[in-house]
Amino acid sequence: MFQVSGEKLDIDALSAALENHAAGAFVAFEGRVRKQNDGRRVDRLEYELFAEFCEIEGNRILEEARGLFPIIDVRAVHRSGMLELGDVAVWVGVLSSHRGAAFQATRFIIDSIKSRCPIWKKEYYHDGPTEWVGCPTCEHHAVSAEKVFSRQQRLLGEHGQKALSASRVLIVGAGGLGCPSAQQLTAAGVGYIRLCDGDKLDATNLHRQPLYGYQDIGSYKAVLAKRRLEEMHPFTKIDAVAHDFTPRNASTLLEGIDLVLDCTDNFAAKYLINDRCVAEGIPYVQASIFQNNAQLFSYRPGESACMRCTRPEQPPADCVESCTDAGVLGAATSIVGSYQAMEALRTILRQKSVATTYTIHFDLEEADNFNVKRRRDPNCPACGPRPRDFQYEDQVTLEEGEQTYSMLRDKALTWVDIREIHEHDPSIEASIRLPLSSLKREFFADTNQTFVIYCQKGRRSRALLKELRVKGLDHVLGLKGGLEAMRKAEM
Ligand SMILES: [Zn+2]
């Protein structure tokens with residue numbers, strides 16, 4: 001609520017009105033009457049304002065702040081009439097779960113009040129006549145969408161910019177490709193982004209995932225990315241989903257979405273995204289990168305070949321090396337992720353693109369790109385007239401916290417073998433051996449590392465995992481199918 005007050009402000013009462021124990025941060029701004037301005041001694045000052053217009057515009061600013069920043073509550077009051085030295089002239093209070101949003105919203109509000117509300121300030125000087133004064137610099141730090149997107153709008157036109165701000169994009173994967181593409185789309189003013197990734201940040205991610213820093217290690221990437229992107233670009237609403245895209249949550253994640261960016265690094269996810277987008281008629285842009293070679297294409301329903309038109313069956317998960325084994329440069333993932341964002345913009349703006357009919361191959365070492373035509377298969381099992389009911393066995397049967405070996409193998413994890421002593425054979429060299437019969441649950445208390453427990457076939461680890469998850473130990477994972485599934489994947 002925004003108010004104009006002719007009375008001295010009661011700061012304690014204003015703060016108390018915003019009390020809410022669900023909020024982790026309370027930021028208040030107090031603008032006070034100072035005793036000098038530009039070297040001249042000031043005795044007091046006077047505010048003249050159109051109270052009614054001021055309150056309408058002030059409340060509009062607070063509503064905008066609620067839309068732009070994840071805040072819980074907000075209040076602002078501006079004085080009118082004569083003020084003495086030290087009096088509070090304007091007060092803004094913001095409650096939020098996190099301090100970052102509270103600081104940003106407070107600044108947005110005070111700057112906007114200064115630049116938009118019809119308020120005039122008259123200073124009474126000690127050594128001469130009174131003068132009307134303003135703050136000519138305030139308008140420079142008030143955020144305005146028109147200004148932020150002005151250079152881009154010259155290319156896209158007002159209509160194009162509006163299309164971006166009305167668009168809703170799902171980005172699957174907040175890693176090497178997801179970071180640059182999310183960054184570009186928020187910077188361009190895409191209105192809504194849902195960002196999903198079930199991974200926590202590992203030190204080995206930092207060189208190619210520029211949204212994160214050293215201090216973020218161990219936190220969920222989706223949550224980190226949301227926080228960072230909202231700090232940089234307040235015009236995009238972002239929802240973080242700290243979970244992988246799976247057959248179970250696919251429909252929920254695709255709800256209300258106009259376009260999907262496939263920034264994943266495994267075939268299982270890529271086929272799943274393809275099948276669900278084809279079934280629901282949602283366009284997507286897919287990219288993959290391996291060392292200095294990358295591929296990208298854009299699927300538009302009814303126009304393009306889908307992934308199964310050219311490769312009907314999903315190849316085995318372990319048939320290609322991953323970035324962890326092969327190595328990849330951050331500059332390379334940034335180029336491809338940015339290109340993916342470019343294709344996303346083309347799709348939203350309904351512009352033509354070669355990526356809808358060709359797969360673009362990037363050779364980042366030789367700077368030699370080439371396109372390969374993709375043809376629609378009239379009998380495609382996904383986009384053809386009789387689509388198949390695909391089964392995603394590995395994932396359908398995963399319990400909470402359980403993952404397949406291909407999902408786990410490249411991660412920095414502490415492997416714990418819970419088989420009994422008589423079962424042991426030299427399996428994974430780096431494993432810790434803690435037989436289930438004598439295992440102390442406190443061993444898993446250290447939340448600084450991610451544990452993965454495994455047994456022979458995956459049954460005992462599944463039971464233990466369930467028990468640990470009930471206790472809130474969500475940094476413990478389980479290997480589906482146990483050692484036997486691992487050996488099978490290694491063959
Ligand atoms: Zn197809």
# chains A, B, ... in the order shown; residues from 1 in each chain; ligands from 1
call {"tool": "residues_around", "arguments": {"residues": "Gly337 (chain A)", "least_positions_apart": "4", "cutoff": "10 Å", "atoms": "only C-alpha atoms", "output": "ChimeraX atom specification"}}
result
/A:175-184,261,263,286-289,296,331-333,341-343
call {"tool": "residues_near_ligand", "arguments": {"ligand": "ligand 1", "cutoff": "9 Å", "atoms": "only C-alpha atoms and all ligand atoms", "output": "PDB file with N, CA and C atoms, in the first residue's frame"}}
result
ATOM      1  N   ASN A 274      11.332 -35.062 -26.976  1.00  0.00           N
ATOM      2  CA  ASN A 274      10.798 -35.171 -28.333  1.00  0.00           C
ATOM      3  C   ASN A 274       9.376 -35.740 -28.298  1.00  0.00           C
ATOM      4  N   ASP A 275       9.223 -36.882 -27.640  1.00  0.00           N
ATOM      5  CA  ASP A 275       7.934 -37.575 -27.679  1.00  0.00           C
ATOM      6  C   ASP A 275       6.823 -36.746 -27.055  1.00  0.00           C
ATOM      7  N   VAL A 278       6.079 -33.619 -29.270  1.00  0.00           N
ATOM      8  CA  VAL A 278       5.348 -34.020 -30.479  1.00  0.00           C
ATOM      9  C   VAL A 278       3.891 -34.302 -30.105  1.00  0.00           C
ATOM     10  N   SER A 304       8.380 -29.701 -39.217  1.00  0.00           N
ATOM     11  CA  SER A 304       9.712 -30.306 -39.153  1.00  0.00           C
ATOM     12  C   SER A 304       9.646 -31.808 -38.937  1.00  0.00           C
ATOM     13  N   ALA A 305      10.764 -32.449 -39.290  1.00  0.00           N
ATOM     14  CA  ALA A 305      10.956 -33.845 -38.894  1.00  0.00           C
ATOM     15  C   ALA A 305      11.243 -33.846 -37.399  1.00  0.00           C
ATOM     16  N   CYS A 306      10.732 -34.848 -36.686  1.00  0.00           N
ATOM     17  CA  CYS A 306      11.047 -34.937 -35.260  1.00  0.00           C
ATOM     18  C   CYS A 306      12.277 -35.836 -35.098  1.00  0.00           C
ATOM     19  N   MET A 307      12.681 -36.052 -33.879  1.00  0.00           N
ATOM     20  CA  MET A 307      13.897 -36.826 -33.632  1.00  0.00           C
ATOM     21  C   MET A 307      13.749 -38.283 -34.077  1.00  0.00           C
ATOM     22  N   ARG A 308      12.532 -38.827 -33.901  1.00  0.00           N
ATOM     23  CA  ARG A 308      12.325 -40.232 -34.264  1.00  0.00           C
ATOM     24  C   ARG A 308      12.134 -40.418 -35.769  1.00  0.00           C
ATOM     25  N   CYS A 309      11.906 -39.334 -36.513  1.00  0.00           N
ATOM     26  CA  CYS A 309      11.829 -39.459 -37.970  1.00  0.00           C
ATOM     27  C   CYS A 309      13.182 -39.935 -38.508  1.00  0.00           C
ATOM     28  N   THR A 310      14.264 -39.472 -37.899  1.00  0.00           N
ATOM     29  CA  THR A 310      15.594 -39.832 -38.394  1.00  0.00           C
ATOM     30  C   THR A 310      16.244 -40.949 -37.573  1.00  0.00           C
ATOM     31  N   ARG A 311      15.920 -41.019 -36.284  1.00  0.00           N
ATOM     32  CA  ARG A 311      16.453 -42.082 -35.424  1.00  0.00           C
ATOM     33  C   ARG A 311      15.309 -42.627 -34.580  1.00  0.00           C
ATOM     34  N   PRO A 312      14.565 -43.610 -35.143  1.00  0.00           N
ATOM     35  CA  PRO A 312      13.342 -44.069 -34.462  1.00  0.00           C
ATOM     36  C   PRO A 312      13.577 -44.611 -33.062  1.00  0.00           C
ATOM     37  N   ARG A 375      14.506 -35.299 -43.050  1.00  0.00           N
ATOM     38  CA  ARG A 375      13.252 -35.575 -43.768  1.00  0.00           C
ATOM     39  C   ARG A 375      12.230 -36.205 -42.839  1.00  0.00           C
ATOM     40  N   ARG A 376      10.976 -35.798 -43.012  1.00  0.00           N
ATOM     41  CA  ARG A 376       9.914 -36.380 -42.194  1.00  0.00           C
ATOM     42  C   ARG A 376       9.652 -37.804 -42.642  1.00  0.00           C
ATOM     43  N   ASP A 377       9.483 -38.694 -41.698  1.00  0.00           N
ATOM     44  CA  ASP A 377       9.131 -40.074 -42.005  1.00  0.00           C
ATOM     45  C   ASP A 377       7.611 -40.184 -41.890  1.00  0.00           C
ATOM     46  N   PRO A 378       6.928 -40.516 -43.010  1.00  0.00           N
ATOM     47  CA  PRO A 378       5.452 -40.569 -42.942  1.00  0.00           C
ATOM     48  C   PRO A 378       4.949 -41.623 -41.956  1.00  0.00           C
ATOM     49  N   ASN A 379       5.824 -42.596 -41.624  1.00  0.00           N
ATOM     50  CA  ASN A 379       5.409 -43.615 -40.660  1.00  0.00           C
ATOM     51  C   ASN A 379       6.156 -43.489 -39.335  1.00  0.00           C
ATOM     52  N   CYS A 380       6.595 -42.289 -39.031  1.00  0.00           N
ATOM     53  CA  CYS A 380       7.370 -42.064 -37.803  1.00  0.00           C
ATOM     54  C   CYS A 380       6.578 -42.540 -36.576  1.00  0.00           C
ATOM     55  N   PRO A 381       7.266 -43.270 -35.673  1.00  0.00           N
ATOM     56  CA  PRO A 381       6.543 -43.785 -34.501  1.00  0.00           C
ATOM     57  C   PRO A 381       6.113 -42.686 -33.526  1.00  0.00           C
ATOM     58  N   ALA A 382       6.637 -41.461 -33.702  1.00  0.00           N
ATOM     59  CA  ALA A 382       6.223 -40.376 -32.798  1.00  0.00           C
ATOM     60  C   ALA A 382       5.269 -39.395 -33.486  1.00  0.00           C
ATOM     61  N   CYS A 383       5.703 -38.876 -34.672  1.00  0.00           N
ATOM     62  CA  CYS A 383       4.879 -37.825 -35.287  1.00  0.00           C
ATOM     63  C   CYS A 383       4.049 -38.355 -36.453  1.00  0.00           C
ATOM     64  N   GLY A 384       4.107 -39.676 -36.719  1.00  0.00           N
ATOM     65  CA  GLY A 384       3.327 -40.267 -37.807  1.00  0.00           C
ATOM     66  C   GLY A 384       1.861 -40.435 -37.424  1.00  0.00           C
TER      67      GLY A 384
END
call {"tool": "residues_around", "arguments": {"residues": "Gly191 (chain A)", "least_positions_apart": "3", "cutoff": "6 Å", "atoms": "only C-alpha atoms", "output": "PyMOL selection string"}}
result
chain A and resi 165-167+236
call {"tool": "residues_around", "arguments": {"residues": "region 357-364 of chain A", "least_positions_apart": "6", "cutoff": "9 Å", "atoms": "only C-alpha atoms", "output": "list in words"}}
result
Ile289, Gln291, Asn292, Asn293, Ala294, Gln295, Leu296, Phe297, Ser298, Tyr299, Glu303, Ser304, Ala305, Ala332, Val336, Phe370, Asn371, Val372, Lys373, Arg374 and Arg375 of chain A
call {"tool": "residues_around", "arguments": {"residues": "Trp120 (chain A)", "least_positions_apart": "5", "cutoff": "9 Å", "atoms": "only C-alpha atoms", "output": "ChimeraX atom specification"}}
result
/A:46-49,132-134
call {"tool": "write_last_selection", "arguments": {"atoms": "C-alpha atoms", "output": "PDB file, in the first residue's frame"}}
result
ATOM      1  CA  GLU A  46       8.451  21.479   1.810  1.00  0.00           C
ATOM      2  CA  TYR A  47       6.769  18.873  -0.394  1.00  0.00           C
ATOM      3  CA  GLU A  48       3.903  19.805  -2.600  1.00  0.00           C
ATOM      4  CA  LEU A  49       2.087  17.010  -4.347  1.00  0.00           C
ATOM      5  CA  TRP A 132      12.136  24.234  -6.211  1.00  0.00           C
ATOM      6  CA  VAL A 133      14.574  21.358  -6.686  1.00  0.00           C
ATOM      7  CA  GLY A 134      14.536  17.926  -8.326  1.00  0.00           C
TER       8      GLY A 134
END
call {"tool": "residues_around", "arguments": {"residues": "Ala28 (chain A)", "least_positions_apart": "4", "cutoff": "10 Å", "atoms": "only C-alpha atoms", "output": "number ranges by chain"}}
result
A: 11, 14-15, 74-76, 91-95, 102-103, 106-107
call {"tool": "write_last_selection", "arguments": {"atoms": "N, CA and C atoms", "output": "tab-separated table (two decimals), in the first residue's frame"}}
result
chain	number	residue	atom	x	y	z
A	11	ILE	N	8.10	5.51	12.27
A	11	ILE	CA	8.85	4.43	11.61
A	11	ILE	C	8.62	3.08	12.29
A	14	LEU	N	5.33	1.70	11.21
A	14	LEU	CA	5.37	1.26	9.81
A	14	LEU	C	6.06	-0.10	9.69
A	15	SER	N	7.19	-0.25	10.39
A	15	SER	CA	7.92	-1.52	10.34
A	15	SER	C	7.08	-2.64	10.95
A	74	VAL	N	4.84	-5.28	0.92
A	74	VAL	CA	5.52	-4.02	0.65
A	74	VAL	C	4.63	-2.86	1.08
A	75	ARG	N	5.27	-1.78	1.52
A	75	ARG	CA	4.56	-0.56	1.93
A	75	ARG	C	5.43	0.63	1.65
A	76	ALA	N	4.81	1.75	1.32
A	76	ALA	CA	5.59	2.98	1.12
A	76	ALA	C	4.74	4.18	1.52
A	91	TRP	N	9.44	6.71	3.02
A	91	TRP	CA	9.80	5.44	3.66
A	91	TRP	C	9.27	4.30	2.79
A	92	VAL	N	10.15	3.32	2.53
A	92	VAL	CA	9.76	2.13	1.76
A	92	VAL	C	10.17	0.90	2.55
A	93	GLY	N	9.27	-0.02	2.75
A	93	GLY	CA	9.61	-1.27	3.45
A	93	GLY	C	9.23	-2.46	2.60
A	94	VAL	N	10.15	-3.42	2.48
A	94	VAL	CA	9.89	-4.60	1.64
A	94	VAL	C	10.22	-5.87	2.43
A	95	LEU	N	9.29	-6.81	2.40
A	95	LEU	CA	9.50	-8.12	3.03
A	95	LEU	C	9.68	-9.16	1.94
A	102	ALA	N	14.63	-8.35	-1.80
A	102	ALA	CA	14.19	-7.21	-0.98
A	102	ALA	C	14.98	-5.95	-1.34
A	103	PHE	N	16.30	-6.11	-1.51
A	103	PHE	CA	17.14	-4.96	-1.89
A	103	PHE	C	16.72	-4.43	-3.27
A	106	THR	N	13.28	-2.71	-3.25
A	106	THR	CA	13.33	-1.42	-2.55
A	106	THR	C	13.91	-0.35	-3.47
A	107	ARG	N	14.98	-0.69	-4.13
A	107	ARG	CA	15.60	0.28	-5.03
A	107	ARG	C	14.68	0.64	-6.20
call {"tool": "atom_distance", "arguments": {"atom1": "CA of Ile119 (chain A)", "atom2": "CA of Gly67 (chain A)"}}
result
24.5 Å
call {"tool": "closest_residue", "arguments": {"among": "A:Arg60, A:Lys457, A:Arg154, A:Lys221", "to": "Ile113 (chain A)", "atoms": "only C-alpha atoms"}}
result
A:Arg60
call {"tool": "select_by_dssp", "arguments": {"residues": "region 59-129 of chain A", "states": "helix (DSSP H, G or I)", "output": "JSON, numbers by chain"}}
result
{"A": [59, 60, 61, 62, 63, 64, 65, 66, 67, 68, 99, 100, 101, 102, 103, 104, 105, 106, 107, 108, 109, 110, 111, 112, 113, 114, 115, 116]}
